[in-house]
Structures are given as C-alpha cells and as structure tokens.
Amino acid sequence: MNDRSLLADEAPLVFAGSPLDRCEVERRDPELIAGFREHPKARLILLVQGDPILTPGNQLAKSAFAEAQWHARPHSIVFLGKDETGPLFAAEADTAVFDAPAVPARQAGMTMPHEDSAIYAQAKSLLAWHERHQFCAVCGHRSDVAAGGAKRVCPSCGAEHFPRVDPVVIMLVIDGERCLLGRQAEWPEGMWSALAGFVEPAETLEEACAREVREETGVVVDIASIRYVFTQPWPFPSSIMVGLVAKATKTEVKVDKQELEQARWFSREEVRAMLEGRHAEAELPPSIAVARRLTELWAAEKI
Ligand SMILES: [Zn+2]
C-alpha cells in the first residue's frame, strides 16, 4: 500500500474532504448537543428525499436552524459537526410543510464546492441509515437516536447500533500498456468502467479485488501487485469506494454474463481517447466516479 502523496497534486474527489469537526467528545453530552441547537450561528441542511437544495451560487443551502427546524421531518434532525461558523445539523424536509426544488444527488455532487459535497454526503448517508434502522436488530424494539445521531440505542435490550459503511473495491487491472474495463447491460451504450465489487466478511481488500476480477472476467491478478490509490465516500447509500490498481498474471477474458455484458482490454491510447471524448464508440463514466479518476491517473502514467 502506498501513501496518499500519489494524489497530492490532484483535484479533490467529490464527496471527500469535509471541513467539519464531527465533535466526537461533545456528542457524548446530550445537553451540549441540545445547546448547539440554540447557538446563534447554528444551521440546518434540509434534504428533499435525499437530494440537496442548492443556493443560486450552487452552494449547499445551510439555513438558520431557528427557522429551518420547523421544515424538518419530526425526529429526523441529526448533528453533523462544527465548522468555523458554528454547529451544523441535517434533516429530511417534511414535504407536507416544505416545498423547495432539490437537485438530483449525482448532479449536485459535480456542481457543489467539494467541501459542500462532503458535508452533503455525510448528511445523506446518515439520514438514510436512520430512516432504515429505526428498530433494534437484536430484539425488534424501536431504538432511540443517541450521540446527536452518531448511533442508536435500544431502550429495551440496551444494544447500541452504529451507522454502517460498506466497503467496495474498484480496481483498474493492468497488463503492461493496456487495462481491463467492463460494462453492464443496463449502462448507457458505449459506457465502460473499472471492475468493482463489495468486500465480503473476513476478506482483505486485496482478496476481494482478486476474487471479483476472477469471478467477473476470468482474469487472474497478482495479489502482491495490488496497490491502494485512494478512497472516496459514496453516499448511495453509504459505501466507501476503495480505488486499487492490480497487475494481471493471466489475461484471457471469459465474462460471467450474470455480472457483466462485456469486458475487454483497452490500450492506453484508447483510454486517452475515451477521456478526451474522441473514441469512436467507447466512453468512461463522468468525473464524479472513482473509475474515471483511476483511468485518468493511469492514462497520465501516474499509477
Ligand atoms: Zn433491542
């Protein structure tokens, strides 16, 4: 695994680089969190069914808490942390009393300043988790929000439940001057991307990478060659995308049609053409995606 200097001179990834202090210690004190709501500079971000509201300048709308709290769905307010202005909260908008145009999440991610996209990603993942985990997974009783939304506690059996983060490996498999890309049948025509898959229990990131590549394409990678490139929070609903690069040792492609429609090797020249939009038939995902950043780095011979 290499260090982050690989990306030091690169533009920040969408959804990464939050400026917030998540206030781990203050969260333990419910009175302190309640007091933050009274702070004159406290602000609230409202999401409309998971999508953000942007200002005319394409920033994430952060409204004064005192007024915006009345537009929040009851019991949905969570504490995100503090920035240099003050405390910041998030909630799902109560669409019965609040009607504002929201921007679809992926589009907003590419439009917002990246600090805002990271704050939004935290809000989206956290609110989605609370929405789906209102009952104790141990005993089935309704659980309570605790630590300002950083966990839930069951009043019946005492179990604590923490927001989940699901690791996904996404890897560019290399064979000298070519790389392996795949496409799924439901993607837009001509769209190709790096291979990816969820990490399974009791599996290292390297093992997950090698397994997914083998399962989907029959290609075998050298586990010792796998290098970490970067991670990106991916709030759909709460993944962490782990970008890797791996070297192939067996390059024959035999696609598992249940996973992929096609997979094939692309030359570095072809990938450059795809990135520049001048490939006759193939293109890569938009700039929001980890796969694009991996191919950009490889095309520039940085990985
Ligand atoms: Zn319980």
# chains A, B, ... in the order shown; residues from 1 in each chain; ligands from 1
$ residues_near_ligand --ligand "ligand 1" --cutoff "7 Å" --atoms "only C-alpha atoms and all ligand atoms" --output "list in words"
Cys136, Ala137, Val138, Cys139, Gly140, His141, Cys154, Pro155, Ser156, Cys157, Gly158 and Ala159 of chain A
$ residues_around --residues "Ala150 in chain A" --least-positions-apart "4" --cutoff "9 Å" --atoms "only C-alpha atoms" --output "list in words"
Glu24, Arg27, Val78, Phe79, Leu80, Leu126, Val145, Ala146, Phe162 and Pro163 of chain A
$ atom_distance --atom1 "CA of Ser287 in chain A" --atom2 "CA of Leu195 in chain A"
16.6 Å
$ closest_residue --among "A:Glu115, A:Glu84, A:Glu26, A:Glu207" --to "Gln59 in chain A" --atoms "only C-alpha atoms"
A:Glu115
$ residues_around --residues "range 209-222 of chain A" --least-positions-apart "3" --cutoff "8 Å" --atoms "only C-alpha atoms" --output "ChimeraX atom specification"
/A:169-171,173,195-197,205-206,225-226,246-256,259-260,263
$ closest_residue --among "A:Ala123, A:Leu294, A:Ala289, A:Ala185" --to "Asp51 in chain A" --atoms "only C-alpha atoms"
A:Ala123
$ residues_around --residues "range 91-104 of chain A" --least-positions-apart "3" --cutoff "7 Å" --atoms "only C-alpha atoms" --output "MDAnalysis selection string"
chainID A and resid 45:49 51:53 71:73 76:78 107:108 127
$ closest_residue --among "A:Leu284, A:Ala147, A:Val165, A:Ala61" --to "Leu32 in chain A" --atoms "only C-alpha atoms"
A:Ala147
$ select_by_dssp --residues "range 14-120 of chain A" --states "strand (DSSP E or B)" --output "ChimeraX atom specification"
/A:21,43-48,51-52,54,60,63-64,72,78-82,87-93
